[in-house]
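Step one of this worksheet: look at the structure below.
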Amino acid sequence: MADYREAPLAARPKTLDPNEYFNLSPEYRRSEEDRAALRANLKRQYQMQLNNPHRKELIVDPALNRWVYARTNPYPHSDHRHPPSVCLYYVFKTDRVRDVLVDHDLNKS
């Protein structure tokens, strides 16, 4: 951290902020330890299921389920499943209508 010089127009990254490491409250440290313990426990349970030689059921991995869902549903909160195609349709349609109106005005005069 001592070799890092701040850029004149950029703020110090949070990962290099000494307050991030040294001036933490006891509650914050306790909550970090609790989260680390929870992650370690979940990892241990998953490893136990994965390495069980007598297992007969599938292993459910919630992170993998979330990843697969995110890959298969790229627009989860959208009314249209393909917004880019709807936008392209609008652009082409309005362009065609404008061209027809311009041609119609040119033929009138």
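Here's how to read the names in the structure tokens: chain A, B, ... by the order shown, residue numbers from 1 in each chain, ligand numbers from 1 in the order shown.
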Members of region 42-80 of chain A assigned helix (DSSP H, G or I) by DSSP, as a PyMOL selection string: chain A and resi 42-50+62-72
All residues 12 Å or closer to Pro62 (chain A), only C-alpha atoms, same chain fewer than 6 positions away omitted, as a ChimeraX atom specification: /A:42-43,46,68-69
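Once Val60 (chain A) and its same-chain neighbours fewer than 3 positions away are set aside, Gln45, Tyr46, Gln47, Gln49, Leu50, Glu57, Ala63, Leu64, Asn65 and Arg66 of chain A remain within 12 Å of it when counting only C-alpha atoms.
What separates CA of Leu24 (chain A) from CA of Ala10 (chain A) is a distance of 24.1 Å.
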